[in-house]
Each structure stands twice: as structure tokens, then as C-alpha cells.
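Structure file model.txt (compact mmCIF, C-alpha atoms and all ligand atoms) follows.
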```txt
# COMPACT_ATOMS: atom_id res chain seq x y z
CA MET X 1313 102.11 -90.73 64.89
CA SER X 1314 98.73 -92.01 66.04
CA LEU X 1315 97.97 -92.78 69.68
CA TYR X 1316 96.99 -96.37 68.91
CA PRO X 1317 99.04 -98.16 66.26
CA SER X 1318 97.23 -100.11 63.55
CA PHE X 1319 97.85 -103.76 62.95
CA ALA X 1320 97.94 -105.59 59.61
CA ARG X 1321 98.28 -109.31 59.06
CA PRO X 1322 98.86 -109.95 55.34
CA ASN X 1323 98.07 -113.43 54.03
CA SER X 1324 100.71 -113.66 51.32
CA LEU X 1325 104.21 -112.43 50.64
CA ALA X 1326 102.97 -110.45 47.62
CA GLN X 1327 100.34 -108.73 49.78
CA ALA X 1328 102.87 -107.94 52.52
CA SER X 1329 105.37 -106.53 50.07
CA GLU X 1330 102.73 -104.38 48.37
CA LEU X 1331 101.52 -103.12 51.73
CA LEU X 1332 105.03 -102.19 52.91
CA ALA X 1333 105.90 -100.48 49.64
CA GLY X 1334 102.74 -98.36 49.89
CA LEU X 1335 103.41 -97.10 53.41
CA SER X 1336 105.36 -93.89 53.79
CA GLY X 1337 107.08 -94.89 57.02
CA GLY X 1338 106.18 -95.53 60.62
CA SER X 1339 105.55 -99.21 59.91
CA VAL X 1340 107.40 -102.04 61.55
CA ILE X 1341 107.53 -105.71 60.59
CA ILE X 1342 106.88 -107.98 63.53
CA ALA X 1343 107.70 -111.70 63.59
CA GLY X 1344 108.22 -113.26 67.04
CA GLY X 1345 108.37 -109.84 68.74
CA GLN X 1346 111.24 -110.88 71.03
CA GLU X 1347 113.49 -108.13 69.75
CA ILE X 1348 111.13 -105.24 69.20
CA MET X 1349 108.52 -105.64 71.93
CA PRO X 1350 110.95 -104.62 74.71
CA HIS X 1351 111.83 -101.47 72.70
CA ILE X 1352 108.13 -100.70 72.18
CA ASN X 1353 107.25 -101.41 75.81
CA HIS X 1354 109.95 -98.98 76.93
CA GLY X 1355 108.78 -96.30 74.48
CA ALA X 1356 111.99 -96.41 72.44
CA MET X 1357 109.96 -97.35 69.33
CA GLN X 1358 106.51 -95.99 68.53
CA PRO X 1359 105.29 -97.45 65.24
CA ASP X 1360 102.10 -96.28 63.51
CA ILE X 1361 101.43 -99.72 62.10
CA TYR X 1362 102.60 -103.23 62.83
CA ILE X 1363 102.91 -105.57 59.88
CA ASP X 1364 102.62 -109.05 61.38
CA ILE X 1365 104.32 -111.46 58.97
CA GLY X 1366 103.41 -114.55 61.02
CA GLY X 1367 100.77 -115.58 58.45
CA LEU X 1368 103.14 -115.76 55.47
CA LYS X 1369 103.52 -119.43 54.59
CA GLU X 1370 106.25 -118.50 52.06
CA LEU X 1371 108.48 -117.74 55.08
CA ARG X 1372 108.02 -121.18 56.68
CA GLY X 1373 109.59 -124.59 56.21
CA ILE X 1374 112.98 -126.28 56.06
CA SER X 1375 113.97 -128.33 53.01
CA GLU X 1376 117.04 -129.49 51.12
CA ALA X 1377 117.60 -129.58 47.35
CA ASP X 1378 120.84 -129.93 45.35
CA GLY X 1379 123.02 -129.70 48.43
CA VAL X 1380 121.47 -126.45 49.69
CA VAL X 1381 119.32 -126.22 52.81
CA SER X 1382 116.53 -123.64 52.63
CA ILE X 1383 115.29 -122.34 55.97
CA GLY X 1384 112.24 -120.06 56.13
CA ALA X 1385 112.70 -116.77 57.97
CA LEU X 1386 109.89 -117.63 60.42
CA THR X 1387 111.72 -120.74 61.67
CA VAL X 1388 112.04 -120.39 65.44
CA HIS X 1389 115.16 -121.23 67.44
CA ARG X 1390 113.55 -124.40 68.83
CA GLU X 1391 112.96 -125.73 65.30
CA LEU X 1392 116.58 -125.03 64.34
CA GLN X 1393 117.66 -127.24 67.24
CA GLY X 1394 115.17 -130.06 66.58
CA ASN X 1395 114.86 -130.28 62.80
CA ALA X 1396 116.32 -133.46 61.27
CA ILE X 1397 117.67 -131.77 58.12
CA VAL X 1398 119.45 -129.07 60.12
CA ALA X 1399 120.82 -131.66 62.57
CA GLU X 1400 122.23 -133.77 59.75
CA LYS X 1401 123.36 -131.14 57.23
CA LEU X 1402 124.07 -128.06 59.38
CA PRO X 1403 124.86 -129.28 62.90
CA MET X 1404 126.82 -126.12 63.69
CA LEU X 1405 123.70 -124.00 63.10
CA ALA X 1406 121.63 -126.23 65.42
CA ASP X 1407 124.34 -125.90 68.06
CA ALA X 1408 124.64 -122.10 67.71
CA ALA X 1409 120.84 -121.73 68.03
CA SER X 1410 120.89 -123.84 71.19
CA ARG X 1411 123.42 -121.43 72.75
CA ALA X 1412 121.12 -118.41 72.52
CA GLY X 1413 119.86 -117.22 75.90
CA GLY X 1414 116.29 -116.45 76.92
CA GLY X 1415 115.17 -119.99 77.73
CA ARG X 1416 112.32 -121.99 76.22
CA GLN X 1417 109.83 -119.16 75.92
CA VAL X 1418 112.21 -117.12 73.79
CA HIS X 1419 113.31 -120.17 71.76
CA ASN X 1420 109.65 -120.93 70.96
CA ARG X 1421 108.97 -117.41 69.63
CA ALA X 1422 112.26 -115.96 68.36
CA THR X 1423 112.69 -116.39 64.61
CA LEU X 1424 115.75 -116.88 62.47
CA GLY X 1425 114.73 -113.87 60.36
CA GLY X 1426 114.30 -111.57 63.35
CA ASN X 1427 117.63 -112.67 64.79
CA LEU X 1428 119.47 -111.88 61.54
CA VAL X 1429 117.65 -108.67 60.67
CA ALA X 1430 118.36 -107.27 64.15
CA MET X 1431 122.07 -107.49 63.14
CA HIS X 1432 123.08 -107.47 66.76
CA PRO X 1433 126.83 -108.08 67.14
CA LEU X 1434 126.38 -110.23 70.28
CA TYR X 1435 123.89 -112.66 68.72
CA ASP X 1436 124.82 -116.29 68.06
CA ILE X 1437 123.25 -117.38 64.79
CA ALA X 1438 124.93 -115.05 62.28
CA PRO X 1439 128.54 -116.11 63.09
CA ALA X 1440 127.63 -119.75 62.39
CA LEU X 1441 125.76 -118.91 59.17
CA LEU X 1442 128.61 -116.71 57.93
CA ALA X 1443 131.14 -119.49 58.56
CA LEU X 1444 128.86 -121.80 56.54
CA GLY X 1445 128.66 -119.40 53.57
CA ALA X 1446 124.92 -118.67 53.88
CA GLU X 1447 122.91 -116.62 51.40
CA VAL X 1448 119.62 -114.82 51.97
CA GLU X 1449 116.56 -114.20 49.82
CA LEU X 1450 114.85 -110.83 50.22
CA VAL X 1451 111.71 -109.35 48.72
CA LYS X 1452 111.29 -105.60 48.38
CA ALA X 1453 108.48 -103.90 46.44
CA GLY X 1454 107.70 -107.21 44.73
CA GLU X 1455 111.30 -107.76 43.58
CA THR X 1456 113.21 -110.84 44.79
CA ARG X 1457 116.93 -110.53 45.47
CA ARG X 1458 119.42 -113.18 46.56
CA THR X 1459 122.71 -112.18 48.11
CA SER X 1460 125.28 -113.52 50.52
CA LEU X 1461 124.61 -112.91 54.21
CA ALA X 1462 128.12 -111.44 54.39
CA ALA X 1463 127.26 -108.85 51.69
CA LEU X 1464 123.98 -107.99 53.41
CA MET X 1465 125.72 -107.43 56.73
CA HIS X 1466 128.34 -105.33 54.99
CA GLU X 1467 125.65 -103.20 53.32
CA THR X 1468 123.87 -102.40 56.55
CA SER X 1469 124.31 -102.82 60.27
CA HIS X 1470 120.88 -101.37 61.03
CA GLY X 1471 118.48 -104.00 59.73
CA LEU X 1472 116.62 -103.95 56.43
CA GLY X 1473 114.57 -100.78 56.83
CA SER X 1474 110.80 -101.10 56.80
CA GLU X 1475 110.27 -102.33 53.22
CA ALA X 1476 112.41 -105.43 52.62
CA ILE X 1477 111.26 -108.83 53.87
CA LEU X 1478 113.75 -111.58 54.59
CA VAL X 1479 112.12 -114.67 53.10
CA ARG X 1480 114.59 -117.50 53.63
CA VAL X 1481 118.19 -118.36 54.35
CA LEU X 1482 120.01 -120.71 51.97
CA VAL X 1483 122.95 -122.64 53.37
CA PRO X 1484 125.24 -125.10 51.55
CA ALA X 1485 124.98 -128.47 53.32
CA MET X 1486 128.20 -129.23 55.18
CA ALA X 1487 130.35 -131.73 53.28
CA ALA X 1488 130.72 -135.15 54.91
CA GLY X 1489 133.66 -135.21 57.31
CA THR X 1490 133.68 -131.42 57.87
CA GLY X 1491 134.76 -130.59 61.40
CA TRP X 1492 132.90 -127.74 63.06
CA ALA X 1493 132.60 -125.95 66.37
CA TYR X 1494 130.77 -122.98 67.83
CA GLU X 1495 132.47 -121.47 70.85
CA LYS X 1496 130.70 -118.94 73.11
CA LEU X 1497 132.51 -117.26 75.94
CA LYS X 1498 130.00 -115.77 78.37
CA LEU X 1499 130.09 -114.31 81.84
CA SER X 1500 127.10 -116.28 83.18
CA GLY X 1501 124.62 -118.91 82.03
CA GLY X 1502 122.12 -117.54 79.50
CA ALA X 1503 124.12 -114.34 78.93
CA TYR X 1504 125.09 -112.86 75.59
CA GLY X 1505 128.56 -113.81 74.46
CA SER X 1506 131.63 -111.76 75.33
CA ALA X 1507 133.39 -113.40 72.38
CA ASN X 1508 132.02 -116.05 69.99
CA ALA X 1509 133.69 -118.05 67.23
CA ALA X 1510 132.40 -120.43 64.56
CA ALA X 1511 134.88 -122.67 62.74
CA THR X 1512 134.74 -125.32 60.05
CA VAL X 1513 137.67 -127.41 58.88
CA GLN X 1514 138.50 -130.17 56.43
CA LEU X 1515 141.49 -132.45 56.87
CA ASP X 1516 143.36 -134.70 54.48
CA ALA X 1517 145.99 -137.04 55.90
CA GLY X 1518 146.21 -134.92 59.03
CA ARG X 1519 146.67 -131.63 57.20
CA ILE X 1520 144.14 -128.79 56.95
CA THR X 1521 142.85 -128.44 53.39
CA ALA X 1522 140.08 -125.88 53.99
CA ALA X 1523 138.88 -123.81 56.94
CA THR X 1524 136.47 -120.99 57.75
CA LEU X 1525 136.38 -118.90 60.90
CA THR X 1526 134.17 -116.04 62.07
CA ILE X 1527 134.40 -114.14 65.34
CA GLY X 1528 131.43 -112.38 66.93
CA ALA X 1529 130.63 -110.27 70.00
CA VAL X 1530 133.99 -108.48 70.01
CA ALA X 1531 133.25 -105.62 67.58
CA ASP X 1532 130.16 -103.92 66.14
CA ARG X 1533 130.24 -106.38 63.22
CA ILE X 1534 131.02 -110.05 62.96
CA ILE X 1535 134.58 -110.57 61.78
CA ASP X 1536 135.47 -112.89 58.91
CA ALA X 1537 138.80 -114.32 60.10
CA ALA X 1538 139.68 -115.93 56.75
CA ALA X 1539 143.00 -114.08 56.76
CA ALA X 1540 143.94 -115.70 60.08
CA VAL X 1541 143.11 -119.26 58.98
CA GLN X 1542 144.75 -118.91 55.58
CA GLY X 1543 148.13 -119.57 57.19
CA LEU X 1544 146.87 -122.93 58.49
CA ILE X 1545 146.13 -124.41 55.06
CA GLY X 1546 148.50 -127.28 54.33
CA GLN X 1547 149.58 -127.49 57.97
CA ALA X 1548 148.78 -130.02 60.67
CA TRP X 1549 146.97 -128.66 63.76
CA THR X 1550 149.85 -128.47 66.20
CA ALA X 1551 150.46 -126.46 69.36
CA ALA X 1552 152.47 -124.00 67.25
CA ALA X 1553 149.61 -123.63 64.71
CA ALA X 1554 147.15 -123.04 67.55
CA GLU X 1555 149.39 -120.37 69.07
CA GLN X 1556 149.83 -118.72 65.66
CA LEU X 1557 146.05 -118.49 65.23
CA GLU X 1558 145.50 -117.12 68.72
CA LEU X 1559 148.08 -114.41 68.11
CA ARG X 1560 146.72 -113.42 64.68
CA CYS X 1561 143.05 -112.92 65.60
CA PRO X 1562 143.24 -109.94 68.00
CA ALA X 1563 144.73 -107.80 65.21
CA LEU X 1564 141.52 -108.34 63.19
CA VAL X 1565 139.51 -106.57 65.90
CA LYS X 1566 140.13 -102.97 64.92
CA GLN X 1567 137.54 -101.29 67.16
CA PRO X 1568 136.67 -103.67 69.98
CA LEU X 1569 133.36 -103.42 71.84
CA SER X 1570 133.62 -102.36 75.44
CA ASP X 1571 130.57 -102.93 77.64
CA GLN X 1572 129.36 -104.87 80.66
CA GLN X 1573 130.32 -108.09 78.85
CA GLY X 1574 133.99 -107.08 78.94
CA SER X 1575 136.48 -104.31 78.17
CA GLY X 1576 137.77 -103.71 74.65
CA GLU X 1577 141.31 -104.82 75.44
CA TRP X 1578 140.06 -108.05 77.03
CA ARG X 1579 137.62 -108.65 74.13
CA GLN X 1580 140.52 -108.36 71.66
CA ALA X 1581 142.52 -110.97 73.54
CA MET X 1582 139.46 -113.23 73.85
CA ALA X 1583 138.97 -113.11 70.06
CA GLY X 1584 142.18 -115.16 69.84
CA VAL X 1585 141.14 -117.50 72.64
CA VAL X 1586 137.71 -118.40 71.20
CA ALA X 1587 139.21 -118.74 67.71
CA ARG X 1588 141.81 -121.23 68.95
CA ARG X 1589 139.23 -123.18 70.97
CA ALA X 1590 136.77 -123.35 68.08
CA MET X 1591 139.40 -124.46 65.59
CA ALA X 1592 140.78 -127.09 67.99
CA ALA X 1593 137.29 -128.52 68.55
CA ALA X 1594 136.54 -128.46 64.80
CA VAL X 1595 139.78 -130.33 64.05
CA ALA X 1596 138.97 -132.92 66.73
CA ARG X 1597 135.56 -133.47 65.12
CA ALA X 1598 136.75 -133.62 61.51
CA GLY X 1599 136.68 -136.91 59.67
CA GLN X 1600 139.91 -137.71 57.86
CA LYS X 1601 139.92 -138.17 54.09
C1 LIG X 1701 115.75 -112.74 77.01
C2 LIG X 1701 116.37 -112.86 75.64
C3 LIG X 1701 117.64 -113.41 75.51
C4 LIG X 1701 118.24 -113.53 74.25
N1 LIG X 1701 119.49 -114.09 74.14
C5 LIG X 1701 120.03 -114.26 72.92
C6 LIG X 1701 121.31 -114.86 72.76
O1 LIG X 1701 121.99 -115.23 73.71
N2 LIG X 1701 121.77 -115.01 71.49
C7 LIG X 1701 121.06 -114.63 70.40
O2 LIG X 1701 121.51 -114.83 69.28
N3 LIG X 1701 119.87 -114.01 70.52
C8 LIG X 1701 119.35 -113.82 71.74
N4 LIG X 1701 118.15 -113.20 71.87
C9 LIG X 1701 117.58 -112.53 70.71
C10 LIG X 1701 116.58 -113.33 69.96
O3 LIG X 1701 117.22 -114.39 69.29
C11 LIG X 1701 115.99 -112.35 68.96
O4 LIG X 1701 115.33 -111.36 69.70
C12 LIG X 1701 115.00 -113.00 68.06
O5 LIG X 1701 115.58 -113.97 67.25
C13 LIG X 1701 114.34 -111.99 67.18
O6 LIG X 1701 113.36 -112.68 66.41
P1 LIG X 1701 111.85 -112.20 66.46
O7 LIG X 1701 111.11 -113.05 65.50
O8 LIG X 1701 111.34 -112.19 67.85
O9 LIG X 1701 112.04 -110.74 65.89
P2 LIG X 1701 111.11 -109.47 66.05
O10 LIG X 1701 111.29 -108.87 67.41
O11 LIG X 1701 109.72 -109.74 65.62
O12 LIG X 1701 111.83 -108.53 64.95
C14 LIG X 1701 113.18 -108.16 65.11
C15 LIG X 1701 113.58 -107.18 63.98
O13 LIG X 1701 113.62 -107.86 62.75
C16 LIG X 1701 112.62 -107.36 61.83
N5 LIG X 1701 112.14 -108.57 61.17
C17 LIG X 1701 111.77 -109.74 61.77
N6 LIG X 1701 111.56 -110.67 60.83
C18 LIG X 1701 111.79 -110.08 59.63
C19 LIG X 1701 111.76 -110.55 58.28
N7 LIG X 1701 111.46 -111.83 57.97
N8 LIG X 1701 112.05 -109.69 57.28
C20 LIG X 1701 112.38 -108.40 57.57
N9 LIG X 1701 112.45 -107.90 58.83
C21 LIG X 1701 112.16 -108.75 59.84
C22 LIG X 1701 111.64 -106.59 62.69
O14 LIG X 1701 111.05 -105.54 61.98
C23 LIG X 1701 112.55 -106.06 63.79
O15 LIG X 1701 113.26 -104.93 63.33
C24 LIG X 1701 117.53 -113.07 73.11
C25 LIG X 1701 116.25 -112.53 73.23
C26 LIG X 1701 115.66 -112.42 74.49
C27 LIG X 1701 114.28 -111.82 74.59
```
Structure rendered as C-alpha cells:
Amino acid sequence: MSLYPSFARPNSLAQASELLAGLSGGSVIIAGGQEIMPHINHGAMQPDIYIDIGGLKELRGISEADGVVSIGALTVHRELQGNAIVAEKLPMLADAASRAGGGRQVHNRATLGGNLVAMHPLYDIAPALLALGAEVELVKAGETRRTSLAALMHETSHGLGSEAILVRVLVPAMAAGTGWAYEKLKLSGGAYGSANAAATVQLDAGRITAATLTIGAVADRIIDAAAAVQGLIGQAWTAAAAEQLELRCPALVKQPLSDQQGSGEWRQAMAGVVARRAMAAAVARAGQK
């Protein structure tokens, strides 16, 4: 480890990928720096070389084609909240991004890519993207790979290592009439969630025809609660259905987190509470076929 780390600012994705592949370790990708700078400032991370990816235009931009919204990894939280395509096609993502703490300064710097790669269980954006069936595009040693965000988070809970670059996130546009809600239970304004839930729902003649549900901030990984919503398909959203959902979700939290945001036992119970609230709000928002 050198006393003063080096700094590289590649101009293209190909150059960045080549550079990362050629380094033997000690390098760290930096985007907005909101995640890693505190670790570096406190001496918990001491990289030899920073690879600043801020100059890679391939990682910028938001567009829609064939019903899929492509969002560059360098998109900052503020853009997710203000972009017209995201607002129209992925309103739940815009809402989840707006719930992140840190205020304007953080929202102007913090990137979508950095938020996802950090794979922090308390963060807000991944639960929404998982409920929306997002995929990610990665480049490693010049090779491009596309996979589901769910598979990527299953593969690793410790980020991408120092060689892979997250290029963009690809999200199916929400179908017209889809109800959605992002619920964040937090102890104080601006805090990380103690339990988060993202839900989408489609209704036909008052009955649920499709639903997705993810629960975050209660375990070390975000929970896909598909098993809990499966029982709602074909049913109307009644008080009994809501109670059923609230009772089913805590059992999905096998090893609850226990920290200053709440004890494990309480977190487990809150998984059911946020799930019920999110589903109720999604149903209320859903257009009827
Ligand atoms: C005060 C504060 C409050 C916050 N509150 C919340 C909150 O309530 N909810 C929430 O969700 N988040 C919250 N955050 C976290 C914030 O959203 C993340 O820190 C931020 O999104 C990380 O993005 P970045 O660009 O700054 O990442 P960086 O710090 O630059 O990088 C983070 C990690 O990702 C890697 N990386 C970054 N981009 C890429 C890429 N494209 N490809 C491969 N690896 C990459 C880096 O090497 C590093 O390991 C908060 C942050 C702060 C500072």
C-alpha cells in the first residue's frame, strides 16, 4: 500500500474495464463517493488507486425502448426523482429514491450504481427495483453480462469486487393501471428504514390478478415475499386478506437484523406491518380493468 493513493479517470468504459482487469488489487471504483468516502476518511479502507468512473458517458442517461426503461449507473438520486420517464413509467422507483436520507447534498451526488453495488440491506432503492423485476448490465474484463438484480444480489452480498462495472439498470415499464407503494418505517426523519416494503398489484373486477412484494431492512438481504402474496391472487383485498398477509410475512424473516434501528423480534413483526401497509396502498392506487 502506498502512502498516497493514485487516481485514474478513464474516458471510456472499455478503458476503465481494461484498467481494472490489469490491476492486481488495491483499486476501488468511485462514483459519487457518498458510500466509500466516510470509510476512507475513517481509515477503514485504504485503496492504492481510485478509479473515478464519473467520466464514463456509457453509464449516463435514462431512456425507454420496447417497454424497458434503461437507467445509467451514474444517475443520481435527484435525477431519479425528477426524470419524466421515471415519473411516468416507474413512479415507485422515483418515490423510493425520494425516501433516501442524507438531504439534497447526498441526493445530488449519490448514484444509482453506488447504491446498488453497496448492497446495504437498509437502503431504499433495491427493494423497489426488485419488486419491479429489474435487470442489470455489468462489464468485467471487456465482457458484458446481463442478469436479474435478484440473481446478482443472491450471488453476492459484498458488492461486485474491484473488477466489474455496473453499467445500467433495465426495468420493465409498469403496466398501465398497476398499483404500487413503497413503505418505509423509520425511527426519525432522514433515518435508514427499520422495515421497508415495495408492492405492486394489478386488479381485475376487484380481484387481485398479479402482485409483487419485497421487504427490506429486516434481514441482511432483501426478502422476496412472493410466497406471501401468492395466496392473495384471485382474492379481493379485504380485512381478512390484509391480516393473512401480515401474519405470513414475519415467517419469511429467518435471521432478523437487530441494531439501533430496532430489535430482531420487533423487526420480524414490522415486516408484516409494512407489507400490509404497502399492499393496501398499492391496491388503493390500482386502476381497475
Ligand atoms: C448521510 C447519508 C444518508 C443516506 N441515507 C440513505 C437512505 O436513507 N437510503 C438509501 O438507500 N441510501 C442512503 N444513503 C446511501 C446513498 O444512497 C449511497 O451512499 C449512494 O447511493 C452511493 O452512491 P455513490 O455514487 O456515492 O457510491 P460510491 O461511494 O462512489 O461507491 C459505493 C460502492 O459502489 C462501488 N461502485 C459505485 N458505482 C459503481 C459502478 N457503476 N460499478 C461498480 N461499482 C460501483 C464503489 O466501488 C463502492 O464500493 C445515504 C448516504 C448518506 C451519505
Q.
Given only C-alpha atoms as the basis, pick out the residue of X:Met1357, X:Leu1564, X:Ile1365, X:Val1398 nearest to Gly1528 in chain X.
A. X:Leu1564
Q: Please give me, as an NGL selection string, the residues lying within 7 Å of ligand LIG 1701 (chain X) when counting all atoms listed in the file.
A: :X and (1340-1349 or 1385-1386 or 1411-1414 or 1418 or 1421-1427 or 1429-1430 or 1434-1437 or 1471-1472 or 1474 or 1476-1479 or 1502-1505)
Q) Contacts of Ala1507 in chain X at 8 Å or less, counting only C-alpha atoms, minus same-chain residues fewer than 3 places along, as a ChimeraX atom specification? A) /X:1434,1496-1498,1527-1530,1579,1582-1583,1586
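When CA of Ile1545 in chain X is paired with CA of Ala1563 in chain X, their separation reads 19.5 Å.
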Q. Of the candidates X:Met1465, X:Ala1531, X:Ile1352, X:Ile1397, which shows the shortest atom-to-atom distance to Ser1575 in chain X, using only C-alpha atoms?
A.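 The shortest atom-to-atom distance to Ser1575 in chain X comes from X:Ala1531.
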Q: Provide the CA of Met1404 in chain X to CA of Leu1444 in chain X distance in Å, to one decimal place.
A: 8.6 Å
Q. Please, what distance in Å, to one decimal, runs between CA of Asn1420 in chain X and CA of Arg1390 in chain X?
A.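 CA of Asn1420 in chain X sits 5.6 Å away from CA of Arg1390 in chain X.
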Q) Taking (134.7, -124.9, 70.7) in the file's coordinates, which residues come within 8 Å, counting all atoms listed in the file, written as a list in words? A)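 Residues satisfying the cut-off, written out: Ala1493, Tyr1494, Glu1495, Lys1496, Ala1509, Ala1510, Val1586, Arg1589, Ala1590, Met1591, Ala1592, Ala1593 and Ala1594 of chain X.
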Selected residues, C-alpha atoms, written as a PDB file, in the frame of the given file, please.
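The resulting result_7.pdb:
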```pdb
ATOM      1  CA  ALA X1493     132.600-125.950  66.370  1.00  0.00           C
ATOM      2  CA  TYR X1494     130.770-122.980  67.830  1.00  0.00           C
ATOM      3  CA  GLU X1495     132.470-121.470  70.850  1.00  0.00           C
ATOM      4  CA  LYS X1496     130.700-118.940  73.110  1.00  0.00           C
ATOM      5  CA  ALA X1509     133.690-118.050  67.230  1.00  0.00           C
ATOM      6  CA  ALA X1510     132.400-120.430  64.560  1.00  0.00           C
ATOM      7  CA  VAL X1586     137.710-118.400  71.200  1.00  0.00           C
ATOM      8  CA  ARG X1589     139.230-123.180  70.970  1.00  0.00           C
ATOM      9  CA  ALA X1590     136.770-123.350  68.080  1.00  0.00           C
ATOM     10  CA  MET X1591     139.400-124.460  65.590  1.00  0.00           C
ATOM     11  CA  ALA X1592     140.780-127.090  67.990  1.00  0.00           C
ATOM     12  CA  ALA X1593     137.290-128.520  68.550  1.00  0.00           C
ATOM     13  CA  ALA X1594     136.540-128.460  64.800  1.00  0.00           C
TER      14      ALA X1594
END
```
Please tabulate, as CSV, the residues of range 1414-1473 of chain X that come within 7 Å of range 1329-1337 of chain X, each with its closest pair of atoms and the distance in Å to one decimal, counting only C-alpha atoms and ordering rows by chain, then residue number upward.
```
residue,atom,partner,partner_atom,distance
X:Lys1452,CA,X:Ser1329,CA,6.2
X:Ala1453,CA,X:Ala1333,CA,5.3
X:Gly1454,CA,X:Ser1329,CA,5.9
```
Would you export the selected residues with C-alpha atoms as a PDB file, in the coordinates of the input, please?
```pdb
ATOM      1  CA  LYS X1452     111.290-105.600  48.380  1.00  0.00           C
ATOM      2  CA  ALA X1453     108.480-103.900  46.440  1.00  0.00           C
ATOM      3  CA  GLY X1454     107.700-107.210  44.730  1.00  0.00           C
TER       4      GLY X1454
END
```
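Residue nearest Val1513 in chain X, chosen from X:Ala1406, X:Gly1599, X:Ala1326, X:Pro1562 and counting all atoms listed in the file: X:Gly1599.
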Q | Counting all atoms listed in the file, the residue of X:Ser1500, X:Gln1393, X:Gln1514, X:Gln1556 that sits nearest Gln1573 in chain X | A |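 Of X:Ser1500, X:Gln1393, X:Gln1514, X:Gln1556, the one nearest Gln1573 in chain X is X:Ser1500, counting all atoms listed in the file.
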Range 1497-1593 of chain X residues near range 1467-1470 of chain X within 12 Å, closest pair each, using all atoms listed in the file, as a tab-separated table:
```
residue	atom	partner	partner_atom	distance
X:Ala1531	CA	X:Ser1469	CA	11.9
X:Asp1532	CA	X:Ser1469	CA	8.4
X:Arg1533	CA	X:Ser1469	CA	7.5
X:Ile1534	CA	X:Ser1469	CA	10.2
```
Centre and edges of the range 1516-1534 of chain X box, axis-aligned, 4 Å extra per side, as JSON:
```
{"center_x": 138.4, "center_y": -120.5, "center_z": 61.7, "size_x": 24.5, "size_y": 41.1, "size_z": 24.6}
```
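The nearest approach to Asp1516 in chain X among the residues X:Ala1548, X:Ala1488, X:Ala1587, X:Ala1462, with all atoms listed in the file taken into account, belongs to X:Ala1548.
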Q: Give as number ranges by chain the set of residues within 8 Å of the point (103.5, -96.4, 64.3), where distances use the file's coordinates and all atoms listed in the file.
A: X: 1313-1314, 1316-1318, 1338-1340, 1358-1362
(Q) Would you pick out the contacts of Leu1544 in chain X at 12 Å or less, using only C-alpha atoms, so that residues sharing its chain but fewer than 6 positions from it are not included, and give the list as a list in words? (A)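 What passes the distance filter is Val1513, Gln1514, Leu1515, Arg1519, Ile1520, Thr1521, Ala1522, Ala1523, Thr1524, Leu1525, Ala1537, Ala1538, Thr1550, Ala1551, Ala1552, Ala1553, Ala1554, Glu1555, Gln1556, Leu1557, Glu1558, Arg1560, Arg1588, Met1591 and Val1595 of chain X.
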Would you mind putting N, CA and C atoms back on range 1459-1475 of chain X and writing the result as a PDB file, keeping the file's coordinate frame?
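Heads up, here's the output in result.pdb:
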```pdb
ATOM      1  N   THR X1459     121.353-112.677  47.891  1.00  0.00           N
ATOM      2  CA  THR X1459     122.710-112.180  48.110  1.00  0.00           C
ATOM      3  C   THR X1459     123.338-112.959  49.255  1.00  0.00           C
ATOM      4  N   SER X1460     124.656-112.820  49.400  1.00  0.00           N
ATOM      5  CA  SER X1460     125.280-113.520  50.520  1.00  0.00           C
ATOM      6  C   SER X1460     124.940-112.784  51.822  1.00  0.00           C
ATOM      7  N   LEU X1461     124.868-113.541  52.899  1.00  0.00           N
ATOM      8  CA  LEU X1461     124.610-112.910  54.210  1.00  0.00           C
ATOM      9  C   LEU X1461     125.743-111.939  54.527  1.00  0.00           C
ATOM     10  N   ALA X1462     126.961-112.312  54.133  1.00  0.00           N
ATOM     11  CA  ALA X1462     128.120-111.440  54.390  1.00  0.00           C
ATOM     12  C   ALA X1462     127.920-110.090  53.701  1.00  0.00           C
ATOM     13  N   ALA X1463     127.471-110.109  52.433  1.00  0.00           N
ATOM     14  CA  ALA X1463     127.260-108.850  51.690  1.00  0.00           C
ATOM     15  C   ALA X1463     126.157-108.031  52.342  1.00  0.00           C
ATOM     16  N   LEU X1464     125.085-108.706  52.770  1.00  0.00           N
ATOM     17  CA  LEU X1464     123.980-107.990  53.410  1.00  0.00           C
ATOM     18  C   LEU X1464     124.452-107.311  54.696  1.00  0.00           C
ATOM     19  N   MET X1465     125.264-108.016  55.464  1.00  0.00           N
ATOM     20  CA  MET X1465     125.720-107.430  56.730  1.00  0.00           C
ATOM     21  C   MET X1465     126.741-106.331  56.489  1.00  0.00           C
ATOM     22  N   HIS X1466     127.407-106.393  55.346  1.00  0.00           N
ATOM     23  CA  HIS X1466     128.340-105.330  54.990  1.00  0.00           C
ATOM     24  C   HIS X1466     127.579-104.074  54.562  1.00  0.00           C
ATOM     25  N   GLU X1467     126.477-104.313  53.831  1.00  0.00           N
ATOM     26  CA  GLU X1467     125.650-103.200  53.320  1.00  0.00           C
ATOM     27  C   GLU X1467     125.053-102.389  54.465  1.00  0.00           C
ATOM     28  N   THR X1468     124.576-103.103  55.485  1.00  0.00           N
ATOM     29  CA  THR X1468     123.870-102.400  56.550  1.00  0.00           C
ATOM     30  C   THR X1468     124.109-103.052  57.899  1.00  0.00           C
ATOM     31  N   SER X1469     124.244-102.249  58.918  1.00  0.00           N
ATOM     32  CA  SER X1469     124.310-102.820  60.270  1.00  0.00           C
ATOM     33  C   SER X1469     123.051-102.433  61.042  1.00  0.00           C
ATOM     34  N   HIS X1470     122.074-101.867  60.341  1.00  0.00           N
ATOM     35  CA  HIS X1470     120.880-101.370  61.030  1.00  0.00           C
ATOM     36  C   HIS X1470     119.601-102.051  60.558  1.00  0.00           C
ATOM     37  N   GLY X1471     119.687-103.302  60.175  1.00  0.00           N
ATOM     38  CA  GLY X1471     118.480-104.000  59.730  1.00  0.00           C
ATOM     39  C   GLY X1471     118.161-103.664  58.280  1.00  0.00           C
ATOM     40  N   LEU X1472     116.976-104.044  57.860  1.00  0.00           N
ATOM     41  CA  LEU X1472     116.620-103.950  56.430  1.00  0.00           C
ATOM     42  C   LEU X1472     115.764-102.735  56.120  1.00  0.00           C
ATOM     43  N   GLY X1473     115.521-101.865  57.081  1.00  0.00           N
ATOM     44  CA  GLY X1473     114.570-100.780  56.830  1.00  0.00           C
ATOM     45  C   GLY X1473     113.177-101.366  56.952  1.00  0.00           C
ATOM     46  N   SER X1474     112.163-100.606  56.563  1.00  0.00           N
ATOM     47  CA  SER X1474     110.800-101.100  56.800  1.00  0.00           C
ATOM     48  C   SER X1474     110.146-101.662  55.546  1.00  0.00           C
ATOM     49  N   GLU X1475     110.909-101.850  54.464  1.00  0.00           N
ATOM     50  CA  GLU X1475     110.270-102.330  53.220  1.00  0.00           C
ATOM     51  C   GLU X1475     110.680-103.733  52.825  1.00  0.00           C
TER      52      GLU X1475
END
```
